[in-house]
file target10.pdb (PDB, C-alpha atoms)
ATOM      1  CA  MET A  21      11.946  -0.527 -22.047
ATOM      2  CA  THR A  22      14.117  -1.671 -19.120
ATOM      3  CA  ASN A  23      13.077  -4.964 -17.573
ATOM      4  CA  GLN A  24      13.088  -5.214 -13.799
ATOM      5  CA  PRO A  25      15.062  -7.985 -12.051
ATOM      6  CA  GLU A  26      13.229 -11.298 -11.760
ATOM      7  CA  SER A  27      13.600 -11.137  -7.986
ATOM      8  CA  ALA A  28      11.891  -7.727  -7.690
ATOM      9  CA  PRO A  29       8.309  -8.967  -7.023
ATOM     10  CA  ALA A  30       9.551 -11.422  -4.372
ATOM     11  CA  VAL A  31      11.600  -8.719  -2.680
ATOM     12  CA  ASP A  32       8.592  -6.393  -2.795
ATOM     13  CA  ALA A  33       6.429  -9.058  -1.168
ATOM     14  CA  TYR A  34       9.075  -9.615   1.536
ATOM     15  CA  LEU A  35       9.378  -5.888   2.283
ATOM     16  CA  SER A  36       5.604  -5.403   2.264
ATOM     17  CA  GLU A  37       5.022  -8.226   4.737
ATOM     18  CA  LEU A  38       7.825  -6.995   6.975
ATOM     19  CA  LEU A  39       7.319  -3.211   6.877
ATOM     20  CA  ALA A  40       3.824  -2.557   5.492
ATOM     21  CA  PRO A  41       1.666  -5.544   6.462
ATOM     22  CA  ALA A  42      -1.979  -5.440   5.475
ATOM     23  CA  ASP A  43      -4.600  -5.043   8.144
ATOM     24  CA  GLU A  44      -8.294  -5.865   7.783
ATOM     25  CA  ALA A  45      -9.303  -2.511   6.280
ATOM     26  CA  LEU A  46      -6.470  -2.371   3.748
ATOM     27  CA  ALA A  47      -6.926  -6.009   2.679
ATOM     28  CA  ALA A  48     -10.674  -5.545   2.339
ATOM     29  CA  ALA A  49     -10.188  -2.372   0.291
ATOM     30  CA  LEU A  50      -8.118  -4.310  -2.239
ATOM     31  CA  ALA A  51     -10.461  -7.311  -2.235
ATOM     32  CA  ASP A  52     -13.610  -5.233  -2.697
ATOM     33  CA  SER A  53     -11.967  -3.141  -5.427
ATOM     34  CA  GLU A  54     -11.089  -6.307  -7.312
ATOM     35  CA  ALA A  55     -14.579  -7.745  -6.799
ATOM     36  CA  ALA A  56     -16.084  -4.546  -8.219
ATOM     37  CA  GLY A  57     -13.943  -4.844 -11.338
ATOM     38  CA  LEU A  58     -11.705  -1.853 -10.650
ATOM     39  CA  PRO A  59      -8.353  -1.958 -12.458
ATOM     40  CA  SER A  60      -5.447  -3.218 -10.366
ATOM     41  CA  ILE A  61      -3.510   0.053 -10.544
ATOM     42  CA  ASN A  62      -3.512   1.002  -6.871
ATOM     43  CA  VAL A  63      -0.194   1.801  -5.234
ATOM     44  CA  SER A  64       1.757  -1.093  -3.735
ATOM     45  CA  ALA A  65       1.791  -1.630   0.019
ATOM     46  CA  THR A  66       5.325  -0.267   0.379
ATOM     47  CA  ASN A  67       4.425   2.796  -1.700
ATOM     48  CA  GLY A  68       1.299   3.294   0.406
ATOM     49  CA  LYS A  69       3.419   3.161   3.551
ATOM     50  CA  LEU A  70       5.826   5.646   1.947
ATOM     51  CA  LEU A  71       2.956   8.080   1.315
ATOM     52  CA  HIS A  72       1.876   7.616   4.926
ATOM     53  CA  LEU A  73       5.364   8.398   6.196
ATOM     54  CA  ILE A  74       5.763  11.418   3.912
ATOM     55  CA  ALA A  75       2.495  12.810   5.281
ATOM     56  CA  ARG A  76       3.619  12.217   8.864
ATOM     57  CA  ILE A  77       7.090  13.681   8.326
ATOM     58  CA  GLN A  78       5.455  16.660   6.629
ATOM     59  CA  GLY A  79       3.099  17.090   9.572
ATOM     60  CA  ALA A  80       0.275  17.329   7.049
ATOM     61  CA  ARG A  81      -3.071  18.528   8.355
ATOM     62  CA  SER A  82      -4.720  18.860   4.939
ATOM     63  CA  ILE A  83      -4.200  16.493   2.015
ATOM     64  CA  LEU A  84      -5.451  16.550  -1.565
ATOM     65  CA  GLU A  85      -5.477  13.335  -3.591
ATOM     66  CA  ILE A  86      -6.153  13.455  -7.326
ATOM     67  CA  GLY A  87      -7.282   9.964  -8.343
ATOM     68  CA  THR A  88      -9.082   7.879  -5.702
ATOM     69  CA  LEU A  89      -9.710   4.513  -7.420
ATOM     70  CA  GLY A  90     -10.862   2.218  -4.583
ATOM     71  CA  GLY A  91      -9.492   4.327  -1.752
ATOM     72  CA  TYR A  92      -6.452   2.185  -0.905
ATOM     73  CA  SER A  93      -3.922   5.017  -1.045
ATOM     74  CA  THR A  94      -6.531   7.292   0.519
ATOM     75  CA  ILE A  95      -6.585   5.099   3.618
ATOM     76  CA  TRP A  96      -2.790   5.129   3.903
ATOM     77  CA  LEU A  97      -2.724   8.929   3.628
ATOM     78  CA  ALA A  98      -5.696   9.647   5.891
ATOM     79  CA  ARG A  99      -4.241   7.511   8.671
ATOM     80  CA  ALA A 100      -1.313   9.943   8.849
ATOM     81  CA  LEU A 101      -3.556  12.909   9.648
ATOM     82  CA  PRO A 102      -4.094  14.339  13.132
ATOM     83  CA  ALA A 103      -7.543  14.132  14.690
ATOM     84  CA  ASP A 104      -8.558  17.491  13.230
ATOM     85  CA  GLY A 105      -7.005  16.826   9.813
ATOM     86  CA  SER A 106      -8.840  16.430   6.516
ATOM     87  CA  LEU A 107      -8.353  14.788   3.150
ATOM     88  CA  ILE A 108     -10.179  15.571  -0.090
ATOM     89  CA  THR A 109      -9.879  12.996  -2.834
ATOM     90  CA  LEU A 110     -11.069  13.490  -6.418
ATOM     91  CA  GLU A 111     -12.439  10.604  -8.497
ATOM     92  CA  TYR A 112     -13.783  10.728 -12.044
ATOM     93  CA  SER A 113     -15.828   7.508 -11.915
ATOM     94  CA  PRO A 114     -18.998   7.359  -9.775
ATOM     95  CA  VAL A 115     -18.578   3.570  -9.574
ATOM     96  CA  HIS A 116     -15.026   3.863  -8.275
ATOM     97  CA  ALA A 117     -16.116   6.570  -5.838
ATOM     98  CA  GLU A 118     -18.866   4.346  -4.424
ATOM     99  CA  VAL A 119     -16.379   1.527  -3.794
ATOM    100  CA  ALA A 120     -13.909   3.982  -2.279
ATOM    101  CA  ARG A 121     -16.489   5.482   0.075
ATOM    102  CA  ALA A 122     -17.387   2.030   1.405
ATOM    103  CA  ASN A 123     -13.710   1.153   1.891
ATOM    104  CA  ILE A 124     -13.005   4.467   3.620
ATOM    105  CA  ALA A 125     -16.023   4.037   5.915
ATOM    106  CA  ARG A 126     -14.890   0.515   6.853
ATOM    107  CA  ALA A 127     -11.540   2.006   7.855
ATOM    108  CA  ALA A 128     -13.443   4.488  10.095
ATOM    109  CA  LEU A 129     -12.109   7.433   8.100
ATOM    110  CA  ASP A 130     -15.324   8.750   6.564
ATOM    111  CA  GLU A 131     -15.364  11.684   9.003
ATOM    112  CA  VAL A 132     -11.881  12.668   7.825
ATOM    113  CA  VAL A 133     -12.123  11.963   4.083
ATOM    114  CA  GLN A 134     -14.347  13.670   1.529
ATOM    115  CA  VAL A 135     -14.708  12.018  -1.905
ATOM    116  CA  ARG A 136     -15.643  14.434  -4.688
ATOM    117  CA  VAL A 137     -16.867  12.934  -7.955
ATOM    118  CA  GLY A 138     -16.249  14.380 -11.403
ATOM    119  CA  ALA A 139     -13.445  15.294 -13.743
ATOM    120  CA  ALA A 140     -10.621  16.680 -11.631
ATOM    121  CA  LEU A 141     -10.135  19.600 -14.006
ATOM    122  CA  ASP A 142     -13.703  20.610 -13.100
ATOM    123  CA  THR A 143     -13.463  20.022  -9.342
ATOM    124  CA  LEU A 144     -10.003  21.574  -8.864
ATOM    125  CA  PRO A 145     -11.223  25.094  -9.788
ATOM    126  CA  GLN A 146     -14.065  24.611  -7.285
ATOM    127  CA  LEU A 147     -11.538  23.808  -4.555
ATOM    128  CA  ALA A 148      -9.480  26.844  -5.489
ATOM    129  CA  ALA A 149     -12.618  29.012  -5.339
ATOM    130  CA  GLU A 150     -13.186  27.697  -1.808
ATOM    131  CA  GLU A 151      -9.707  29.033  -0.984
ATOM    132  CA  ARG A 152      -8.488  25.586   0.007
ATOM    133  CA  THR A 153      -4.806  25.060   0.743
ATOM    134  CA  PHE A 154      -3.061  21.739   1.184
ATOM    135  CA  ASP A 155       0.071  20.603   2.980
ATOM    136  CA  LEU A 156       0.410  17.525   0.760
ATOM    137  CA  VAL A 157      -0.895  16.764  -2.728
ATOM    138  CA  PHE A 158      -0.763  13.266  -4.233
ATOM    139  CA  ILE A 159      -1.343  13.142  -8.002
ATOM    140  CA  ASP A 160      -2.253   9.694  -9.339
ATOM    141  CA  ALA A 161      -4.835  10.087 -12.105
ATOM    142  CA  ASP A 162      -4.813  10.149 -15.921
ATOM    143  CA  LYS A 163      -1.244  10.960 -16.880
ATOM    144  CA  VAL A 164      -1.992  13.112 -19.908
ATOM    145  CA  ASN A 165      -3.337  15.800 -17.565
ATOM    146  CA  ASN A 166      -0.471  15.648 -15.068
ATOM    147  CA  PRO A 167       0.887  19.101 -16.020
ATOM    148  CA  ARG A 168      -2.506  20.710 -15.418
ATOM    149  CA  TYR A 169      -3.008  18.829 -12.161
ATOM    150  CA  LEU A 170       0.400  20.026 -11.059
ATOM    151  CA  GLU A 171      -0.433  23.628 -11.920
ATOM    152  CA  TRP A 172      -3.630  23.461  -9.869
ATOM    153  CA  ALA A 173      -1.766  21.808  -7.000
ATOM    154  CA  LEU A 174       0.651  24.728  -6.975
ATOM    155  CA  ARG A 175      -2.210  27.210  -6.773
ATOM    156  CA  MET A 176      -3.477  25.522  -3.629
ATOM    157  CA  ALA A 177      -0.110  24.811  -2.034
ATOM    158  CA  ARG A 178       1.819  27.005   0.375
ATOM    159  CA  PRO A 179       5.547  27.363   1.002
ATOM    160  CA  GLY A 180       6.549  24.107   2.645
ATOM    161  CA  SER A 181       3.879  21.984   0.951
ATOM    162  CA  VAL A 182       4.878  18.702  -0.661
ATOM    163  CA  ILE A 183       3.634  17.348  -3.997
ATOM    164  CA  VAL A 184       3.978  13.701  -5.049
ATOM    165  CA  VAL A 185       3.356  12.645  -8.658
ATOM    166  CA  ASP A 186       3.020   8.890  -9.183
ATOM    167  CA  ASN A 187       3.914   6.689 -12.179
ATOM    168  CA  VAL A 188       6.489   8.979 -13.759
ATOM    169  CA  VAL A 189       8.760   6.283 -15.242
ATOM    170  CA  ARG A 190       6.133   4.390 -17.245
ATOM    171  CA  GLY A 191       8.211   1.226 -17.572
ATOM    172  CA  GLY A 192      11.132   3.282 -18.871
ATOM    173  CA  ARG A 193       9.124   4.850 -21.697
ATOM    174  CA  VAL A 194       9.518   8.350 -20.249
ATOM    175  CA  ALA A 195      13.160   8.402 -21.384
ATOM    176  CA  ASP A 196      12.321   7.393 -24.974
ATOM    177  CA  ALA A 197      12.165  10.669 -26.904
ATOM    178  CA  ALA A 198      10.462   8.893 -29.813
ATOM    179  CA  ASN A 199       7.548   7.764 -27.646
ATOM    180  CA  THR A 200       4.577  10.083 -28.166
ATOM    181  CA  ASP A 201       1.919   8.183 -26.199
ATOM    182  CA  PRO A 202      -0.235  10.733 -24.336
ATOM    183  CA  ASP A 203       0.545   9.216 -20.928
ATOM    184  CA  VAL A 204       4.263   9.534 -21.644
ATOM    185  CA  THR A 205       4.162  13.059 -23.066
ATOM    186  CA  GLY A 206       1.940  14.209 -20.200
ATOM    187  CA  THR A 207       4.399  12.735 -17.725
ATOM    188  CA  ARG A 208       7.344  14.324 -19.503
ATOM    189  CA  ASP A 209       5.637  17.721 -19.512
ATOM    190  CA  ALA A 210       4.932  17.422 -15.784
ATOM    191  CA  LEU A 211       8.551  16.524 -15.074
ATOM    192  CA  GLN A 212       9.690  19.489 -17.155
ATOM    193  CA  LEU A 213       7.405  21.740 -15.121
ATOM    194  CA  LEU A 214       8.900  20.341 -11.927
ATOM    195  CA  ALA A 215      12.361  21.086 -13.272
ATOM    196  CA  ASP A 216      11.623  24.610 -14.488
ATOM    197  CA  HIS A 217       9.244  26.084 -11.923
ATOM    198  CA  PRO A 218      11.009  28.576  -9.639
ATOM    199  CA  LYS A 219       8.835  27.631  -6.659
ATOM    200  CA  LEU A 220       9.647  23.926  -6.833
ATOM    201  CA  SER A 221      12.590  21.800  -5.796
ATOM    202  CA  ALA A 222      12.028  18.278  -7.061
ATOM    203  CA  THR A 223      13.496  14.871  -7.687
ATOM    204  CA  ALA A 224      12.246  11.548  -9.057
ATOM    205  CA  ILE A 225      12.906   7.973  -7.984
ATOM    206  CA  GLN A 226      12.628   4.779 -10.029
ATOM    207  CA  THR A 227      10.944   1.799  -8.388
ATOM    208  CA  VAL A 228      10.649  -1.893  -9.175
ATOM    209  CA  GLY A 229       8.462  -4.511  -7.562
ATOM    210  CA  ALA A 230       4.930  -5.872  -7.636
ATOM    211  CA  LYS A 231       3.803  -2.997  -9.879
ATOM    212  CA  GLY A 232       6.663  -3.375 -12.346
ATOM    213  CA  HIS A 233       9.180  -0.709 -13.341
ATOM    214  CA  ASP A 234       7.911   2.756 -12.509
ATOM    215  CA  GLY A 235       8.604   5.580 -10.085
ATOM    216  CA  PHE A 236       7.413   8.801  -8.529
ATOM    217  CA  ALA A 237       8.386  12.468  -8.374
ATOM    218  CA  LEU A 238       8.650  14.364  -5.105
ATOM    219  CA  ALA A 239       8.551  18.162  -4.992
ATOM    220  CA  TYR A 240       8.906  20.755  -2.222
ATOM    221  CA  VAL A 241       7.174  24.112  -2.614
ATOM    222  CA  GLN A 242       9.628  26.911  -1.837
ATOM    223  CA  ASP A 243       9.056  30.545  -0.878
TER     224      ASP A 243
END

call {"tool": "encode", "arguments": {"input": "target10.pdb", "output": "structure tokens"}}
result
Amino acid sequence: MTNQPESAPAVDAYLSELLAPADEALAAALADSEAAGLPSINVSATNGKLLHLIARIQGARSILEIGTLGGYSTIWLARALPADGSLITLEYSPVHAEVARANIARAALDEVVQVRVGAALDTLPQLAAEERTFDLVFIDADKVNNPRYLEWALRMARPGSVIVVDNVVRGGRVADAANTDPDVTGTRDALQLLADHPKLSATAIQTVGAKGHDGFALAYVQD
């Protein structure tokens, strides 16, 4: 495993305060998630701002998020939508979904965001049956199922859609061929799918900072 520089968390804090400062709704979403005992695995502030900017650059009107947690990233994404936009976010845990709904409502986004509860591999076919399409898909759930999430995302994407897959570096473990942990193999399989699929043009970026050494993949859906 590659260790991040000692200065990385301080730099992350500096950049977050300068470029992605917390407002009342974002700070409260983190505080209430912690108070409810949710794991501290939400995206960082700078990564949340990056998702927001990707959605704005994309001109996204419809967003799918796989993995809600406490709704922190959901708020960043939903704020990028136009007035008639919509975001559907999928959360396995009813407890997490309840916290997320309260956080989303506090941010005045409950008319824009719909939280669906249940295993994503059950709710994704329902979305497909509703003939939903999405301009942007953010995948940030259990890593072992990343390849299947990606396949479903492709079914509901269109040419020009963007797909973001979070946590693809796993502290450097993704590059260790001997590592067979399910989260690592699932991530590797998803990256291989990104590399091989004829409809996708993709890259991946390593990150360091408050959340340690990790990274994300970014894919563009081609004709």

call {"tool": "resolve_selection", "arguments": {"input": "target10.pdb", "expression": "the PyMOL selection byres ((chain A and resi 225) around 6)", "output": "list in words"}}
result
Ala224, Gln226, Gly235 and Phe236 of chain A

call {"tool": "resolve_selection", "arguments": {"input": "target10.pdb", "expression": "the PyMOL selection byres ((chain A and resi 145) around 12)", "output": "list in words"}}
result
Gly138, Ala139, Ala140, Leu141, Asp142, Thr143, Leu144, Gln146, Leu147, Ala148, Ala149, Glu150, Glu151, Arg152, Arg168, Tyr169, Glu171, Trp172, Ala173, Arg175 and Met176 of chain A

call {"tool": "resolve_selection", "arguments": {"input": "target10.pdb", "expression": "the PyMOL selection byres ((chain A and resi 222) around 8)", "output": "ChimeraX atom specification"}}
result
/A:214-215,220-221,223-224,237-240

call {"tool": "residues_around", "arguments": {"input": "target10.pdb", "residues": "A:Lys163", "least_positions_apart": "2", "cutoff": "6 Å", "atoms": "only C-alpha atoms", "output": "VMD selection string"}}
result
chain A and resid 165 to 166 203 206 to 207

call {"tool": "write_last_selection", "arguments": {"input": "target10.pdb", "atoms": "C-alpha atoms", "output": "mmCIF file, in the coordinates of the input"}}
result
data_model
loop_
_atom_site.group_PDB
_atom_site.id
_atom_site.type_symbol
_atom_site.label_atom_id
_atom_site.label_comp_id
_atom_site.auth_asym_id
_atom_site.auth_seq_id
_atom_site.Cartn_x
_atom_site.Cartn_y
_atom_site.Cartn_z
ATOM 1 C CA ASN A 165 -3.337 15.800 -17.565
ATOM 2 C CA ASN A 166 -0.471 15.648 -15.068
ATOM 3 C CA ASP A 203 0.545 9.216 -20.928
ATOM 4 C CA GLY A 206 1.940 14.209 -20.200
ATOM 5 C CA THR A 207 4.399 12.735 -17.725
#

call {"tool": "residues_near_point", "arguments": {"input": "target10.pdb", "point": "(-4.9, -2.1, -11.7)", "cutoff": "12 Å", "atoms": "all atoms listed in the file", "output": "NGL selection string"}}
result
:A and (50 or 53-54 or 56-64 or 89-90 or 92 or 230-232)

call {"tool": "write_last_selection", "arguments": {"input": "target10.pdb", "atoms": "C-alpha atoms", "output": "PDB file, in the coordinates of the input"}}
result
ATOM      1  CA  LEU A  50      -8.118  -4.310  -2.239  1.00  0.00           C
ATOM      2  CA  SER A  53     -11.967  -3.141  -5.427  1.00  0.00           C
ATOM      3  CA  GLU A  54     -11.089  -6.307  -7.312  1.00  0.00           C
ATOM      4  CA  ALA A  56     -16.084  -4.546  -8.219  1.00  0.00           C
ATOM      5  CA  GLY A  57     -13.943  -4.844 -11.338  1.00  0.00           C
ATOM      6  CA  LEU A  58     -11.705  -1.853 -10.650  1.00  0.00           C
ATOM      7  CA  PRO A  59      -8.353  -1.958 -12.458  1.00  0.00           C
ATOM      8  CA  SER A  60      -5.447  -3.218 -10.366  1.00  0.00           C
ATOM      9  CA  ILE A  61      -3.510   0.053 -10.544  1.00  0.00           C
ATOM     10  CA  ASN A  62      -3.512   1.002  -6.871  1.00  0.00           C
ATOM     11  CA  VAL A  63      -0.194   1.801  -5.234  1.00  0.00           C
ATOM     12  CA  SER A  64       1.757  -1.093  -3.735  1.00  0.00           C
ATOM     13  CA  LEU A  89      -9.710   4.513  -7.420  1.00  0.00           C
ATOM     14  CA  GLY A  90     -10.862   2.218  -4.583  1.00  0.00           C
ATOM     15  CA  TYR A  92      -6.452   2.185  -0.905  1.00  0.00           C
ATOM     16  CA  ALA A 230       4.930  -5.872  -7.636  1.00  0.00           C
ATOM     17  CA  LYS A 231       3.803  -2.997  -9.879  1.00  0.00           C
ATOM     18  CA  GLY A 232       6.663  -3.375 -12.346  1.00  0.00           C
TER      19      GLY A 232
END

call {"tool": "closest_residue", "arguments": {"input": "target10.pdb", "among": "A:Ser181, A:Thr88, A:Asn123, A:Ser82", "to": "A:Ala51", "atoms": "all atoms listed in the file"}}
result
A:Asn123

call {"tool": "residues_around", "arguments": {"input": "target10.pdb", "residues": "A:His217", "least_positions_apart": "6", "cutoff": "12 Å", "atoms": "all atoms listed in the file", "output": "PyMOL selection string"}}
result
chain A and resi 167+170-171+174+209-211+239-243

call {"tool": "atom_distance", "arguments": {"input": "target10.pdb", "atom1": "atom CA of A:Leu73", "atom2": "atom CA of A:Ser113"}}
result
27.9 Å

call {"tool": "closest_residue", "arguments": {"input": "target10.pdb", "among": "A:Arg76, A:His233, A:Trp96, A:Thr109", "to": "A:Asp43", "atoms": "all atoms listed in the file"}}
result
A:Trp96

call {"tool": "atom_distance", "arguments": {"input": "target10.pdb", "atom1": "atom CA of A:Ala75", "atom2": "atom CA of A:Ala161"}}
result
19.1 Å

call {"tool": "decode", "arguments": {"input": "target10.pdb", "residues": "stretch 49-60 of chain A", "atoms": "all heavy atoms", "output": "PDB file, in the first residue's frame"}}
result
ATOM      1  N   ALA A  49     -25.675  18.031   7.572  1.00  0.00           N
ATOM      2  CA  ALA A  49     -25.784  16.676   7.024  1.00  0.00           C
ATOM      3  C   ALA A  49     -24.682  15.783   7.578  1.00  0.00           C
ATOM      4  O   ALA A  49     -24.921  14.630   7.952  1.00  0.00           O
ATOM      5  CB  ALA A  49     -25.719  16.716   5.500  1.00  0.00           C
ATOM      6  N   LEU A  50     -23.470  16.320   7.660  1.00  0.00           N
ATOM      7  CA  LEU A  50     -22.363  15.538   8.226  1.00  0.00           C
ATOM      8  C   LEU A  50     -22.553  15.323   9.719  1.00  0.00           C
ATOM      9  O   LEU A  50     -22.330  14.215  10.228  1.00  0.00           O
ATOM     10  CB  LEU A  50     -21.038  16.250   7.953  1.00  0.00           C
ATOM     11  CG  LEU A  50     -20.588  16.332   6.497  1.00  0.00           C
ATOM     12  CD1 LEU A  50     -19.269  17.104   6.394  1.00  0.00           C
ATOM     13  CD2 LEU A  50     -20.436  14.936   5.887  1.00  0.00           C
ATOM     14  N   ALA A  51     -22.960  16.368  10.435  1.00  0.00           N
ATOM     15  CA  ALA A  51     -23.128  16.262  11.884  1.00  0.00           C
ATOM     16  C   ALA A  51     -24.237  15.273  12.241  1.00  0.00           C
ATOM     17  O   ALA A  51     -24.075  14.437  13.148  1.00  0.00           O
ATOM     18  CB  ALA A  51     -23.437  17.637  12.470  1.00  0.00           C
ATOM     19  N   ASP A  52     -25.354  15.338  11.552  1.00  0.00           N
ATOM     20  CA  ASP A  52     -26.466  14.443  11.858  1.00  0.00           C
ATOM     21  C   ASP A  52     -26.147  13.003  11.455  1.00  0.00           C
ATOM     22  O   ASP A  52     -26.608  12.056  12.104  1.00  0.00           O
ATOM     23  CB  ASP A  52     -27.738  14.914  11.160  1.00  0.00           C
ATOM     24  CG  ASP A  52     -28.352  16.124  11.847  1.00  0.00           C
ATOM     25  OD1 ASP A  52     -27.744  16.633  12.810  1.00  0.00           O
ATOM     26  OD2 ASP A  52     -29.437  16.563  11.428  1.00  0.00           O
ATOM     27  N   SER A  53     -25.385  12.825  10.381  1.00  0.00           N
ATOM     28  CA  SER A  53     -24.967  11.480   9.987  1.00  0.00           C
ATOM     29  C   SER A  53     -24.075  10.865  11.048  1.00  0.00           C
ATOM     30  O   SER A  53     -24.231   9.694  11.412  1.00  0.00           O
ATOM     31  CB  SER A  53     -24.228  11.534   8.638  1.00  0.00           C
ATOM     32  OG  SER A  53     -25.093  11.953   7.599  1.00  0.00           O
ATOM     33  N   GLU A  54     -23.157  11.666  11.574  1.00  0.00           N
ATOM     34  CA  GLU A  54     -22.282  11.174  12.641  1.00  0.00           C
ATOM     35  C   GLU A  54     -23.080  10.860  13.899  1.00  0.00           C
ATOM     36  O   GLU A  54     -22.875   9.822  14.534  1.00  0.00           O
ATOM     37  CB  GLU A  54     -21.198  12.206  12.943  1.00  0.00           C
ATOM     38  CG  GLU A  54     -20.213  11.772  14.009  1.00  0.00           C
ATOM     39  CD  GLU A  54     -19.145  12.804  14.291  1.00  0.00           C
ATOM     40  OE1 GLU A  54     -19.217  13.910  13.731  1.00  0.00           O
ATOM     41  OE2 GLU A  54     -18.233  12.504  15.097  1.00  0.00           O
ATOM     42  N   ALA A  55     -24.013  11.740  14.253  1.00  0.00           N
ATOM     43  CA  ALA A  55     -24.826  11.534  15.453  1.00  0.00           C
ATOM     44  C   ALA A  55     -25.679  10.278  15.345  1.00  0.00           C
ATOM     45  O   ALA A  55     -25.948   9.610  16.355  1.00  0.00           O
ATOM     46  CB  ALA A  55     -25.716  12.755  15.690  1.00  0.00           C
ATOM     47  N   ALA A  56     -26.070   9.925  14.127  1.00  0.00           N
ATOM     48  CA  ALA A  56     -26.893   8.727  13.915  1.00  0.00           C
ATOM     49  C   ALA A  56     -26.059   7.461  13.807  1.00  0.00           C
ATOM     50  O   ALA A  56     -26.616   6.370  13.662  1.00  0.00           O
ATOM     51  CB  ALA A  56     -27.731   8.899  12.652  1.00  0.00           C
ATOM     52  N   GLY A  57     -24.738   7.605  13.903  1.00  0.00           N
ATOM     53  CA  GLY A  57     -23.870   6.435  13.870  1.00  0.00           C
ATOM     54  C   GLY A  57     -23.545   5.927  12.485  1.00  0.00           C
ATOM     55  O   GLY A  57     -23.043   4.804  12.332  1.00  0.00           O
ATOM     56  N   LEU A  58     -23.784   6.743  11.449  1.00  0.00           N
ATOM     57  CA  LEU A  58     -23.433   6.319  10.099  1.00  0.00           C
ATOM     58  C   LEU A  58     -21.915   6.306   9.937  1.00  0.00           C
ATOM     59  O   LEU A  58     -21.216   7.126  10.543  1.00  0.00           O
ATOM     60  CB  LEU A  58     -24.056   7.260   9.061  1.00  0.00           C
ATOM     61  CG  LEU A  58     -25.481   6.954   8.611  1.00  0.00           C
ATOM     62  CD1 LEU A  58     -26.456   6.996   9.774  1.00  0.00           C
ATOM     63  CD2 LEU A  58     -25.913   7.908   7.506  1.00  0.00           C
ATOM     64  N   PRO A  59     -21.380   5.394   9.149  1.00  0.00           N
ATOM     65  CA  PRO A  59     -19.926   5.363   8.959  1.00  0.00           C
ATOM     66  C   PRO A  59     -19.446   6.627   8.252  1.00  0.00           C
ATOM     67  O   PRO A  59     -20.157   7.193   7.416  1.00  0.00           O
ATOM     68  CB  PRO A  59     -19.708   4.121   8.081  1.00  0.00           C
ATOM     69  CG  PRO A  59     -21.022   3.895   7.410  1.00  0.00           C
ATOM     70  CD  PRO A  59     -22.072   4.340   8.394  1.00  0.00           C
ATOM     71  N   SER A  60     -18.251   7.061   8.593  1.00  0.00           N
ATOM     72  CA  SER A  60     -17.696   8.289   8.021  1.00  0.00           C
ATOM     73  C   SER A  60     -17.026   7.981   6.678  1.00  0.00           C
ATOM     74  O   SER A  60     -15.803   8.073   6.529  1.00  0.00           O
ATOM     75  CB  SER A  60     -16.691   8.928   8.986  1.00  0.00           C
ATOM     76  OG  SER A  60     -16.172  10.122   8.438  1.00  0.00           O
TER      77      SER A  60
END
